[in-house]
>>> print(open('start-v8.cif').read())   # mmCIF, C-alpha atoms
data_protein
loop_
_atom_site.label_atom_id
_atom_site.label_comp_id
_atom_site.auth_asym_id
_atom_site.auth_seq_id
_atom_site.Cartn_x
_atom_site.Cartn_y
_atom_site.Cartn_z
CA MET A 1 17.74 17.90 -5.37
CA GLN A 2 18.88 21.48 -5.85
CA PRO A 3 22.55 22.43 -5.26
CA LEU A 4 21.71 24.77 -2.38
CA ARG A 5 19.68 22.08 -0.64
CA LEU A 6 22.60 19.63 -0.91
CA GLU A 7 25.01 22.24 0.41
CA ARG A 8 22.76 22.97 3.38
CA TRP A 9 22.33 19.29 4.17
CA VAL A 10 26.07 18.68 3.99
CA ARG A 11 26.58 21.61 6.34
CA LEU A 12 23.95 20.10 8.62
CA ILE A 13 25.93 16.86 8.81
CA TYR A 14 28.86 18.75 10.26
CA GLU A 15 26.66 20.78 12.61
CA THR A 16 24.98 17.69 14.07
CA GLN A 17 24.87 17.92 17.84
CA ASP A 18 24.90 14.93 20.18
CA GLU A 19 21.55 16.00 21.60
CA GLU A 20 18.96 17.69 19.43
CA SER A 21 15.42 18.59 20.40
CA PRO A 22 12.71 16.37 18.95
CA CYS A 23 9.83 17.78 16.90
CA SER A 24 7.41 17.50 19.83
CA GLU A 25 9.57 19.81 21.95
CA LEU A 26 9.57 22.38 19.16
CA PHE A 27 5.78 22.16 18.97
CA ASP A 28 5.61 22.80 22.73
CA LEU A 29 7.79 25.91 22.50
CA VAL A 30 7.02 27.46 19.11
CA ALA A 31 4.19 29.75 20.28
CA GLU A 32 6.37 31.22 23.03
CA TYR A 33 9.25 31.60 20.56
CA VAL A 34 7.07 33.46 18.05
CA ASP A 35 5.53 35.77 20.64
CA ARG A 36 8.96 36.65 22.01
CA GLU A 37 10.11 37.30 18.44
CA MET A 38 7.13 39.62 17.92
CA ARG A 39 8.19 41.58 21.02
CA GLY A 40 11.59 42.13 19.44
CA GLU A 41 13.50 39.75 21.69
CA ALA A 42 16.73 38.19 20.37
CA VAL A 43 15.27 34.69 20.43
CA ALA A 44 18.35 33.10 18.86
CA GLU A 45 20.14 33.98 22.10
CA SER A 46 17.34 33.48 24.62
CA MET A 47 16.02 30.22 23.12
CA PRO A 48 19.03 28.79 21.22
CA HIS A 49 17.81 25.19 21.20
CA VAL A 50 14.61 26.21 19.45
CA LYS A 51 16.60 28.27 16.95
CA HIS A 52 18.92 25.32 16.24
CA THR A 53 16.00 22.91 15.78
CA LEU A 54 14.31 25.33 13.37
CA ASP A 55 17.55 25.69 11.40
CA VAL A 56 17.92 21.91 11.18
CA CYS A 57 14.30 21.54 10.14
CA ARG A 58 14.61 24.26 7.47
CA ASP A 59 17.46 22.38 5.80
CA GLN A 60 16.22 18.87 6.28
CA CYS A 61 12.58 17.84 6.75
CA ARG A 62 10.96 21.32 6.68
CA ALA A 63 7.60 20.36 8.25
CA CYS A 64 7.98 22.13 11.61
CA PHE A 65 9.85 25.03 10.01
CA GLU A 66 7.05 25.67 7.50
CA GLU A 67 4.50 25.65 10.31
CA TYR A 68 6.65 28.08 12.30
CA GLU A 69 6.82 30.39 9.27
CA VAL A 70 3.03 30.40 8.90
CA LEU A 71 2.54 31.03 12.62
CA ARG A 72 5.06 33.86 12.57
CA SER A 73 3.43 35.44 9.51
CA LEU A 74 -0.02 35.35 11.10
CA ALA A 75 1.32 36.68 14.40
CA ARG A 76 3.12 39.48 12.54
CA LEU A 77 -0.04 40.47 10.68
CA GLU A 78 -1.99 40.45 13.93
CA ALA A 79 0.63 42.57 15.67
CA ASP A 80 0.43 45.07 12.81
CA GLY A 81 -3.37 45.06 12.88
CA ARG A 82 -3.46 43.62 9.36
CA ALA A 83 -4.58 40.03 10.01
CA PRO A 84 -6.97 38.91 7.27
CA SER A 85 -10.54 38.14 8.24
CA VAL A 86 -12.12 34.77 7.51
CA ASP A 87 -14.17 36.44 4.77
CA ASP A 88 -11.04 37.95 3.22
CA LEU A 89 -9.39 34.56 3.16
CA ARG A 90 -12.46 32.85 1.71
CA GLN A 91 -12.66 35.39 -1.09
CA SER A 92 -9.00 34.97 -1.93
CA LEU A 93 -9.25 31.20 -2.37
CA MET B 1 -14.53 41.23 14.41
CA MET B 2 -12.66 38.71 16.52
CA ILE B 3 -13.48 38.68 20.22
CA THR B 4 -10.39 39.37 22.31
CA ARG B 5 -9.76 37.98 25.77
CA THR B 6 -6.83 37.81 28.12
CA ASN B 7 -5.15 34.44 28.61
CA ALA B 8 -6.93 34.09 31.94
CA GLY B 9 -10.19 35.10 30.27
CA TRP B 10 -9.86 32.38 27.64
CA LEU B 11 -9.04 29.72 30.20
CA ARG B 12 -11.82 30.77 32.56
CA ALA B 13 -14.42 30.78 29.79
CA LEU B 14 -13.31 27.52 28.16
CA GLU B 15 -13.15 25.74 31.51
CA SER B 16 -16.57 27.03 32.57
CA THR B 17 -19.88 25.51 31.58
CA GLY B 18 -23.08 26.63 29.88
CA GLU B 19 -23.39 29.77 27.81
CA GLU B 20 -20.02 31.25 28.79
CA GLN B 21 -18.18 28.15 27.59
CA ALA B 22 -20.29 27.84 24.44
CA ALA B 23 -19.59 31.45 23.51
CA ALA B 24 -15.84 30.99 24.07
CA ILE B 25 -15.83 27.88 21.90
CA VAL B 26 -17.56 29.76 19.07
CA ASP B 27 -15.03 32.59 19.40
CA LEU B 28 -12.05 30.23 19.51
CA ARG B 29 -13.32 28.33 16.50
CA ALA B 30 -13.34 31.57 14.52
CA TYR B 31 -9.65 32.09 15.33
CA LEU B 32 -8.86 28.51 14.37
CA LEU B 33 -10.74 28.78 11.08
CA ARG B 34 -8.76 31.89 10.25
CA ALA B 35 -5.48 30.10 11.01
CA ALA B 36 -6.51 27.04 8.98
CA LEU B 37 -7.60 29.14 5.98
CA PHE B 38 -4.43 31.22 6.24
CA SER B 39 -2.31 28.04 6.23
CA LEU B 40 -4.12 26.51 3.28
CA HIS B 41 -3.98 29.82 1.43
CA ARG B 42 -0.22 29.98 1.99
CA SER B 43 0.17 26.43 0.71
CA ARG B 44 -2.35 26.84 -2.10
CA ALA B 45 0.08 25.28 -4.54
CA HIS B 46 -0.23 22.05 -2.62
CA GLN B 47 -3.92 21.72 -3.35
CA ALA B 48 -4.11 23.17 -6.84
CA HIS B 49 -6.59 20.47 -7.81
CA LEU B 50 -9.05 21.45 -5.05
CA THR B 51 -11.90 23.85 -5.66
CA PRO B 52 -12.27 26.88 -3.36
CA ALA B 53 -15.29 25.17 -1.79
CA ALA B 54 -13.24 22.05 -1.10
CA ILE B 55 -10.44 24.10 0.44
CA GLU B 56 -12.97 25.92 2.61
CA GLN B 57 -14.44 22.60 3.75
CA LEU B 58 -10.94 21.30 4.49
CA ALA B 59 -10.30 24.41 6.58
CA GLU B 60 -13.55 23.87 8.50
CA ASP B 61 -12.52 20.28 9.23
CA CYS B 62 -9.05 21.34 10.33
CA ALA B 63 -10.47 24.04 12.60
CA GLN B 64 -12.80 21.51 14.20
CA ASP B 65 -9.98 19.00 14.75
CA ALA B 66 -7.81 21.75 16.21
CA LEU B 67 -10.62 22.79 18.55
CA LEU B 68 -10.97 19.24 19.87
CA ALA B 69 -7.20 18.94 20.34
CA ILE B 70 -7.06 22.25 22.22
CA LEU B 71 -9.95 21.41 24.53
CA LYS B 72 -8.25 18.10 25.31
CA GLN B 73 -4.89 19.74 26.00
CA LEU B 74 -6.10 22.94 27.66
CA HIS B 75 -4.38 21.99 30.92
CA GLU B 76 -1.02 22.05 29.09
CA PHE B 77 -1.26 25.78 28.32
CA ARG B 78 1.33 27.36 30.66
CA GLY B 79 0.77 30.99 29.74
CA ASP B 80 4.22 31.39 28.13
CA SER B 81 2.59 32.87 25.03
CA ARG B 82 -0.66 34.53 24.07
CA PHE B 83 -3.45 31.98 24.22
CA THR B 84 -4.39 32.63 20.60
CA THR B 85 -0.81 32.06 19.38
CA TRP B 86 -0.78 28.79 21.31
CA ALA B 87 -4.14 27.84 19.76
CA TYR B 88 -3.06 28.84 16.26
CA LYS B 89 -0.22 26.33 16.27
CA PHE B 90 -2.70 23.45 16.49
CA ALA B 91 -4.77 24.71 13.55
CA ILE B 92 -1.68 25.47 11.48
CA ASN B 93 -0.13 22.07 12.18
CA ILE B 94 -3.32 20.21 11.28
CA ALA B 95 -3.93 22.33 8.16
CA MET B 96 -0.36 22.00 6.88
CA VAL B 97 -0.38 18.23 7.38
CA ALA B 98 -3.67 18.12 5.45
CA ALA B 99 -2.22 20.30 2.67
CA ARG B 100 0.79 18.00 2.28
CA ARG B 101 -1.54 15.00 2.28
CA GLU B 102 -3.59 16.55 -0.52
CA SER B 103 -0.47 17.27 -2.51
CA TRP B 104 0.92 13.75 -2.26
CA LYS B 105 -2.19 11.59 -2.13
CA HIS B 106 -1.93 10.60 -5.80
CA VAL B 107 1.74 9.62 -5.50
CA SER B 108 2.61 6.01 -4.79
CA LEU B 109 4.99 6.15 -1.87
CA ASP B 110 5.45 2.35 -1.88
CA GLN B 111 7.68 2.55 -4.89
CA LEU B 112 9.61 5.59 -3.69
CA LEU B 113 10.18 4.32 -0.17
CA ASP B 114 10.91 0.73 -1.12
CA ASN B 115 13.67 1.87 -3.45
CA SER B 116 16.43 2.97 -1.09
CA ASN B 117 19.13 3.18 -3.78
CA VAL B 118 21.14 6.33 -3.27
CA PRO B 119 21.29 8.42 -6.47
CA GLU B 120 24.45 8.28 -8.56
CA TRP B 121 24.46 12.06 -8.48
CA PRO B 122 22.06 13.95 -6.22
CA ILE B 123 21.83 17.27 -8.03
CA ARG B 124 19.07 17.48 -10.60
CA ASP B 125 20.13 20.64 -12.35
CA GLU B 126 23.73 20.48 -13.49
CA ARG B 127 23.50 23.21 -16.08
CA THR B 128 25.39 25.71 -13.95
CA ALA B 129 28.23 23.33 -13.02
CA ILE B 130 30.83 24.75 -15.32
CA ASP B 131 34.30 24.01 -13.99
CA PRO B 132 35.24 20.43 -14.99
CA ASP B 133 37.87 20.18 -12.22
CA GLN B 134 35.38 21.32 -9.61
CA LEU B 135 32.83 18.86 -10.96
CA ALA B 136 35.37 16.01 -10.78
CA LEU B 137 36.18 16.86 -7.16
CA GLN B 138 32.49 17.05 -6.33
CA ALA B 139 31.95 13.65 -7.91
CA ASP B 140 34.79 12.16 -5.84
CA ALA B 141 33.42 13.61 -2.62
CA TRP B 142 29.89 12.51 -3.45
CA ALA B 143 31.15 8.99 -4.20
CA VAL B 144 32.51 8.82 -0.64
CA MET B 145 29.26 10.20 0.84
CA ARG B 146 27.24 7.78 -1.26
CA ASP B 147 29.38 4.86 -0.16
CA LEU B 148 28.90 5.82 3.49
CA ILE B 149 25.14 6.22 3.07
CA GLU B 150 24.89 2.85 1.33
CA HIS B 151 27.13 0.85 3.66
CA ASP B 152 27.28 2.56 7.04
CA LEU B 153 23.65 3.57 7.65
CA THR B 154 20.98 1.16 8.78
CA ASP B 155 18.28 0.24 6.27
CA ARG B 156 15.79 2.53 8.02
CA GLN B 157 18.24 5.45 8.23
CA ARG B 158 19.04 5.09 4.53
CA GLN B 159 15.37 4.82 3.62
CA VAL B 160 14.46 7.95 5.56
CA VAL B 161 17.43 9.99 4.31
CA LYS B 162 16.68 9.07 0.72
CA ALA B 163 12.98 9.84 1.06
CA ILE B 164 13.23 13.15 2.88
CA VAL B 165 16.57 14.57 1.76
CA PHE B 166 16.91 13.32 -1.81
CA ASP B 167 13.33 12.63 -2.91
CA GLU B 168 11.98 15.57 -0.88
CA ILE B 169 8.93 13.64 0.30
CA PRO B 170 7.23 15.59 3.11
CA MET B 171 8.07 14.36 6.59
CA ASP B 172 4.39 13.76 7.41
CA GLU B 173 3.92 11.54 4.38
CA VAL B 174 6.93 9.45 5.38
CA VAL B 175 5.55 9.30 8.92
CA ARG B 176 2.16 8.18 7.64
CA HIS B 177 3.55 5.61 5.24
CA LEU B 178 5.89 4.06 7.79
CA ASP B 179 3.24 4.21 10.53
CA SER B 180 5.64 6.19 12.68
CA ASN B 181 5.78 9.68 14.21
CA ARG B 182 7.77 12.87 13.61
CA ASN B 183 10.04 12.33 16.62
CA ALA B 184 11.04 8.82 15.51
CA ILE B 185 11.74 9.88 11.93
CA TYR B 186 13.67 12.91 13.16
CA LYS B 187 15.79 10.57 15.31
CA ASN B 188 16.52 8.41 12.25
CA LEU B 189 17.74 11.52 10.42
CA HIS B 190 19.75 12.75 13.39
CA ASP B 191 21.44 9.38 13.90
CA ALA B 192 22.22 9.18 10.18
CA ARG B 193 23.82 12.64 10.18
CA SER B 194 25.76 11.83 13.31
CA LYS B 195 27.15 8.65 11.78
CA LEU B 196 28.02 10.36 8.49
CA LYS B 197 29.81 13.16 10.36
CA THR B 198 31.96 10.66 12.26
CA ARG B 199 32.77 8.59 9.20
CA LEU B 200 33.58 11.61 6.99
CA GLU B 201 35.94 12.96 9.64
CA ALA B 202 37.53 9.51 10.00
CA ARG B 203 38.21 9.55 6.25
CA GLY B 204 39.96 12.89 6.55
CA PHE B 205 37.29 15.19 5.13
CA ASN B 206 36.76 18.45 6.92
CA VAL B 207 33.72 20.64 6.75
CA GLN B 208 35.30 23.47 4.80
CA GLU B 209 36.62 21.14 2.09
CA ILE B 210 33.21 19.61 1.56
CA LEU B 211 31.37 22.92 1.67
CA ASP B 212 33.86 24.50 -0.71
CA LEU B 213 33.21 21.67 -3.11
CA PHE B 214 29.43 21.75 -2.96
CA GLY B 215 28.92 25.41 -2.19
CA LYS B 216 30.71 26.81 -5.22
CA GLY B 217 30.29 26.29 -8.91
CA THR B 218 27.13 24.21 -8.59
#
>>> encode(input="start-v8.cif", output="structure tokens")
Amino acid sequence: MQPLRLERWVRLIYETQDEESPCSELFDLVAEYVDREMRGEAVAESMPHVKHTLDVCRDQCRACFEEYEVLRSLARLEADGRAPSVDDLRQSL
Amino acid sequence: MMITRTNAGWLRALESTGEEQAAAIVDLRAYLLRAALFSLHRSRAHQAHLTPAAIEQLAEDCAQDALLAILKQLHEFRGDSRFTTWAYKFAINIAMVAARRESWKHVSLDQLLDNSNVPEWPIRDERTAIDPDQLALQADAWAVMRDLIEHDLTDRQRQVVKAIVFDEIPMDEVVRHLDSNRNAIYKNLHDARSKLKTRLEARGFNVQEILDLFGKGT
């Protein structure tokens, strides 16, 4: 375990809320969250529960957070007109 | 070139029959394959032992599984996002789970998960811990945390915390091994944190003290 990871997990203990959204709720909302983010919306304020769940996930189990990061990267590339084609991706394997 | 449609256009075509539906499925599958390949490419380190052909086949399988999941859950699309973003999340989820599976499939989780002993000291790299006083204080605080984890958490909470937080086993592998689901494992972790928070506060530790100890000099 790296020092930063321990520090973040300790912080997470103190930031534990009585009610936290389960992973399935994040899965339901992540596409909306990413699209709003792509439009420049302050999603931390408009969808705070999703933001909190992503923060918890980043510092704890990481699975949903990593998937969010990939979705956001792909959405960003699409928005910029730079999304890789299937052939590009095949060639880069 | 990817075919673009409006959200309504995607739904109408996928819910239709015949050639219109078949064409939409082919188009959607192309998007899903891109998302699956993109995910596996991003997590390439996870499948370093796989050949490019094997990764491509894995992406094809993930895209197909995502397509089936989407067609089954099409009625759940509420239009709160672009349809393709909504569809991507299925392919990305399935591909990332597969990537983690590939990465851990040669590791025996029985041994790791059956051993729920909390480490004497959780930090692997101590080379940068320089101040002996700071280190002594850290050790004292960790001894309290360790005692709480060992004696105040349930067996399952301790097992899950050790696996995911200390051993850094991917959530999905823990889920698979314990025949559980992400929500249930997340609840174990949440309940463990909640209990540790209460107990630490009852013992007089406050957040800044602990963070000062573990956030500096380590």
>>> interface_residues(input="start-v8.cif", of="chain B", to="chain A", cutoff="8 Å", atoms="only C-alpha atoms", output="MDAnalysis selection string")
chainID B and resid 1 30 33:35 37:39 41:42 52 55:56 80:82 85:86 88:89 92:93 96 122:125 164:168 170:172 182:183 186:187 190 193:194 196:197 207 210:211 214:215 218
>>> atom_distance(input="start-v8.cif", atom1="CA of Val97 (chain B)", atom2="CA of Ala54 (chain B)")
15.9 Å
>>> atom_distance(input="start-v8.cif", atom1="CA of Ala202 (chain B)", atom2="CA of Thr154 (chain B)")
18.6 Å
>>> atom_distance(input="start-v8.cif", atom1="CA of Asn7 (chain B)", atom2="CA of Ala87 (chain B)")
11.1 Å
>>> residues_around(input="start-v8.cif", residues="Ala36 (chain B)", least_positions_apart="4", cutoff="7 Å", atoms="all atoms listed in the file", output="short mmCIF file (atom, residue, chain, number, x, y, z; two decimals) with C-alpha atoms, keeping the file's coordinate frame")
data_model
loop_
_atom_site.label_atom_id
_atom_site.label_comp_id
_atom_site.auth_asym_id
_atom_site.auth_seq_id
_atom_site.Cartn_x
_atom_site.Cartn_y
_atom_site.Cartn_z
CA LEU B 32 -8.86 28.51 14.37
CA LEU B 40 -4.12 26.51 3.28
CA ALA B 59 -10.30 24.41 6.58
CA CYS B 62 -9.05 21.34 10.33
CA ALA B 63 -10.47 24.04 12.60
CA ALA B 91 -4.77 24.71 13.55
CA ILE B 92 -1.68 25.47 11.48
CA ALA B 95 -3.93 22.33 8.16
#
>>> residues_around(input="start-v8.cif", residues="Glu173 (chain B)", least_positions_apart="3", cutoff="10 Å", atoms="only C-alpha atoms", output="list in words")
Val97, Arg100, Arg101, Ser103, Trp104, Lys105, Leu109, Ala163, Ile164, Ile169, Pro170, Arg176, His177, Leu178 and Asp179 of chain B
>>> closest_residue(input="start-v8.cif", among="A:Ala44, A:Glu78, A:Leu26, A:His49", to="Thr4 (chain B)", atoms="all atoms listed in the file")
A:Glu78
>>> decode(input="start-v8.cif", residues="region 24-37 of chain A", atoms="all heavy atoms", output="PDB file, in the first residue's frame")
ATOM      1  N   SER A  24     -24.587   0.612  -8.248  1.00  0.00           N
ATOM      2  CA  SER A  24     -25.600   0.514  -9.313  1.00  0.00           C
ATOM      3  C   SER A  24     -26.203   1.884  -9.616  1.00  0.00           C
ATOM      4  O   SER A  24     -26.546   2.177 -10.767  1.00  0.00           O
ATOM      5  CB  SER A  24     -26.696  -0.472  -8.928  1.00  0.00           C
ATOM      6  OG  SER A  24     -27.290  -0.087  -7.705  1.00  0.00           O
ATOM      7  N   GLU A  25     -26.320   2.735  -8.595  1.00  0.00           N
ATOM      8  CA  GLU A  25     -26.875   4.068  -8.831  1.00  0.00           C
ATOM      9  C   GLU A  25     -25.884   4.909  -9.644  1.00  0.00           C
ATOM     10  O   GLU A  25     -26.282   5.671 -10.514  1.00  0.00           O
ATOM     11  CB  GLU A  25     -27.178   4.749  -7.497  1.00  0.00           C
ATOM     12  CG  GLU A  25     -28.004   6.012  -7.659  1.00  0.00           C
ATOM     13  CD  GLU A  25     -28.426   6.584  -6.315  1.00  0.00           C
ATOM     14  OE1 GLU A  25     -28.928   5.819  -5.481  1.00  0.00           O
ATOM     15  OE2 GLU A  25     -28.234   7.795  -6.116  1.00  0.00           O
ATOM     16  N   LEU A  26     -24.610   4.725  -9.353  1.00  0.00           N
ATOM     17  CA  LEU A  26     -23.597   5.441 -10.129  1.00  0.00           C
ATOM     18  C   LEU A  26     -23.651   4.994 -11.589  1.00  0.00           C
ATOM     19  O   LEU A  26     -23.574   5.822 -12.504  1.00  0.00           O
ATOM     20  CB  LEU A  26     -22.204   5.173  -9.543  1.00  0.00           C
ATOM     21  CG  LEU A  26     -21.043   5.866 -10.250  1.00  0.00           C
ATOM     22  CD1 LEU A  26     -21.193   7.378 -10.212  1.00  0.00           C
ATOM     23  CD2 LEU A  26     -19.722   5.472  -9.624  1.00  0.00           C
ATOM     24  N   PHE A  27     -23.804   3.706 -11.808  1.00  0.00           N
ATOM     25  CA  PHE A  27     -23.879   3.189 -13.182  1.00  0.00           C
ATOM     26  C   PHE A  27     -25.078   3.811 -13.912  1.00  0.00           C
ATOM     27  O   PHE A  27     -24.997   4.154 -15.086  1.00  0.00           O
ATOM     28  CB  PHE A  27     -23.988   1.660 -13.168  1.00  0.00           C
ATOM     29  CG  PHE A  27     -23.899   1.036 -14.537  1.00  0.00           C
ATOM     30  CD1 PHE A  27     -22.684   0.964 -15.202  1.00  0.00           C
ATOM     31  CD2 PHE A  27     -25.025   0.528 -15.159  1.00  0.00           C
ATOM     32  CE1 PHE A  27     -22.593   0.397 -16.472  1.00  0.00           C
ATOM     33  CE2 PHE A  27     -24.950  -0.039 -16.424  1.00  0.00           C
ATOM     34  CZ  PHE A  27     -23.730  -0.108 -17.083  1.00  0.00           C
ATOM     35  N   ASP A  28     -26.183   3.972 -13.185  1.00  0.00           N
ATOM     36  CA  ASP A  28     -27.380   4.565 -13.798  1.00  0.00           C
ATOM     37  C   ASP A  28     -27.138   6.018 -14.218  1.00  0.00           C
ATOM     38  O   ASP A  28     -27.713   6.476 -15.205  1.00  0.00           O
ATOM     39  CB  ASP A  28     -28.561   4.545 -12.808  1.00  0.00           C
ATOM     40  CG  ASP A  28     -29.121   3.147 -12.623  1.00  0.00           C
ATOM     41  OD1 ASP A  28     -28.828   2.274 -13.472  1.00  0.00           O
ATOM     42  OD2 ASP A  28     -29.839   2.922 -11.631  1.00  0.00           O
ATOM     43  N   LEU A  29     -26.325   6.739 -13.456  1.00  0.00           N
ATOM     44  CA  LEU A  29     -26.207   8.187 -13.653  1.00  0.00           C
ATOM     45  C   LEU A  29     -24.931   8.639 -14.362  1.00  0.00           C
ATOM     46  O   LEU A  29     -24.809   9.808 -14.724  1.00  0.00           O
ATOM     47  CB  LEU A  29     -26.285   8.894 -12.288  1.00  0.00           C
ATOM     48  CG  LEU A  29     -27.630   8.770 -11.564  1.00  0.00           C
ATOM     49  CD1 LEU A  29     -27.523   9.303 -10.142  1.00  0.00           C
ATOM     50  CD2 LEU A  29     -28.717   9.520 -12.326  1.00  0.00           C
ATOM     51  N   VAL A  30     -23.981   7.722 -14.559  1.00  0.00           N
ATOM     52  CA  VAL A  30     -22.661   8.167 -15.021  1.00  0.00           C
ATOM     53  C   VAL A  30     -22.685   8.758 -16.433  1.00  0.00           C
ATOM     54  O   VAL A  30     -21.949   9.716 -16.719  1.00  0.00           O
ATOM     55  CB  VAL A  30     -21.615   7.021 -14.902  1.00  0.00           C
ATOM     56  CG1 VAL A  30     -21.860   5.914 -15.917  1.00  0.00           C
ATOM     57  CG2 VAL A  30     -20.205   7.570 -15.016  1.00  0.00           C
ATOM     58  N   ALA A  31     -23.532   8.255 -17.309  1.00  0.00           N
ATOM     59  CA  ALA A  31     -23.571   8.798 -18.683  1.00  0.00           C
ATOM     60  C   ALA A  31     -24.093  10.239 -18.662  1.00  0.00           C
ATOM     61  O   ALA A  31     -23.542  11.123 -19.341  1.00  0.00           O
ATOM     62  CB  ALA A  31     -24.452   7.919 -19.565  1.00  0.00           C
ATOM     63  N   GLU A  32     -25.120  10.476 -17.874  1.00  0.00           N
ATOM     64  CA  GLU A  32     -25.655  11.845 -17.748  1.00  0.00           C
ATOM     65  C   GLU A  32     -24.590  12.767 -17.150  1.00  0.00           C
ATOM     66  O   GLU A  32     -24.397  13.900 -17.603  1.00  0.00           O
ATOM     67  CB  GLU A  32     -26.896  11.824 -16.856  1.00  0.00           C
ATOM     68  CG  GLU A  32     -27.494  13.200 -16.648  1.00  0.00           C
ATOM     69  CD  GLU A  32     -28.652  13.196 -15.652  1.00  0.00           C
ATOM     70  OE1 GLU A  32     -29.060  12.103 -15.214  1.00  0.00           O
ATOM     71  OE2 GLU A  32     -29.147  14.295 -15.329  1.00  0.00           O
ATOM     72  N   TYR A  33     -23.902  12.271 -16.133  1.00  0.00           N
ATOM     73  CA  TYR A  33     -22.861  13.068 -15.454  1.00  0.00           C
ATOM     74  C   TYR A  33     -21.771  13.462 -16.453  1.00  0.00           C
ATOM     75  O   TYR A  33     -21.363  14.620 -16.522  1.00  0.00           O
ATOM     76  CB  TYR A  33     -22.289  12.233 -14.311  1.00  0.00           C
ATOM     77  CG  TYR A  33     -21.313  12.938 -13.403  1.00  0.00           C
ATOM     78  CD1 TYR A  33     -21.747  13.688 -12.319  1.00  0.00           C
ATOM     79  CD2 TYR A  33     -19.942  12.823 -13.608  1.00  0.00           C
ATOM     80  CE1 TYR A  33     -20.841  14.313 -11.465  1.00  0.00           C
ATOM     81  CE2 TYR A  33     -19.037  13.438 -12.761  1.00  0.00           C
ATOM     82  CZ  TYR A  33     -19.488  14.181 -11.685  1.00  0.00           C
ATOM     83  OH  TYR A  33     -18.587  14.792 -10.843  1.00  0.00           O
ATOM     84  N   VAL A  34     -21.323  12.493 -17.244  1.00  0.00           N
ATOM     85  CA  VAL A  34     -20.249  12.766 -18.213  1.00  0.00           C
ATOM     86  C   VAL A  34     -20.719  13.742 -19.282  1.00  0.00           C
ATOM     87  O   VAL A  34     -20.008  14.690 -19.635  1.00  0.00           O
ATOM     88  CB  VAL A  34     -19.758  11.440 -18.848  1.00  0.00           C
ATOM     89  CG1 VAL A  34     -18.918  11.703 -20.099  1.00  0.00           C
ATOM     90  CG2 VAL A  34     -18.936  10.646 -17.842  1.00  0.00           C
ATOM     91  N   ASP A  35     -21.914  13.557 -19.802  1.00  0.00           N
ATOM     92  CA  ASP A  35     -22.390  14.468 -20.850  1.00  0.00           C
ATOM     93  C   ASP A  35     -22.551  15.887 -20.318  1.00  0.00           C
ATOM     94  O   ASP A  35     -22.236  16.865 -21.006  1.00  0.00           O
ATOM     95  CB  ASP A  35     -23.724  13.966 -21.422  1.00  0.00           C
ATOM     96  CG  ASP A  35     -23.501  12.930 -22.518  1.00  0.00           C
ATOM     97  OD1 ASP A  35     -22.328  12.663 -22.855  1.00  0.00           O
ATOM     98  OD2 ASP A  35     -24.490  12.385 -23.039  1.00  0.00           O
ATOM     99  N   ARG A  36     -23.029  16.007 -19.084  1.00  0.00           N
ATOM    100  CA  ARG A  36     -23.140  17.350 -18.488  1.00  0.00           C
ATOM    101  C   ARG A  36     -21.757  17.968 -18.315  1.00  0.00           C
ATOM    102  O   ARG A  36     -21.558  19.154 -18.545  1.00  0.00           O
ATOM    103  CB  ARG A  36     -23.817  17.267 -17.116  1.00  0.00           C
ATOM    104  CG  ARG A  36     -25.317  17.025 -17.187  1.00  0.00           C
ATOM    105  CD  ARG A  36     -25.874  17.111 -15.783  1.00  0.00           C
ATOM    106  NE  ARG A  36     -27.292  16.926 -15.714  1.00  0.00           N
ATOM    107  CZ  ARG A  36     -28.053  17.445 -14.752  1.00  0.00           C
ATOM    108  NH1 ARG A  36     -27.499  18.172 -13.781  1.00  0.00           N
ATOM    109  NH2 ARG A  36     -29.340  17.234 -14.714  1.00  0.00           N
ATOM    110  N   GLU A  37     -20.798  17.127 -17.914  1.00  0.00           N
ATOM    111  CA  GLU A  37     -19.418  17.593 -17.759  1.00  0.00           C
ATOM    112  C   GLU A  37     -18.878  18.087 -19.103  1.00  0.00           C
ATOM    113  O   GLU A  37     -18.207  19.116 -19.174  1.00  0.00           O
ATOM    114  CB  GLU A  37     -18.569  16.416 -17.246  1.00  0.00           C
ATOM    115  CG  GLU A  37     -17.443  16.809 -16.349  1.00  0.00           C
ATOM    116  CD  GLU A  37     -16.668  15.601 -15.814  1.00  0.00           C
ATOM    117  OE1 GLU A  37     -17.141  14.455 -15.917  1.00  0.00           O
ATOM    118  OE2 GLU A  37     -15.579  15.833 -15.280  1.00  0.00           O
TER     119      GLU A  37
END
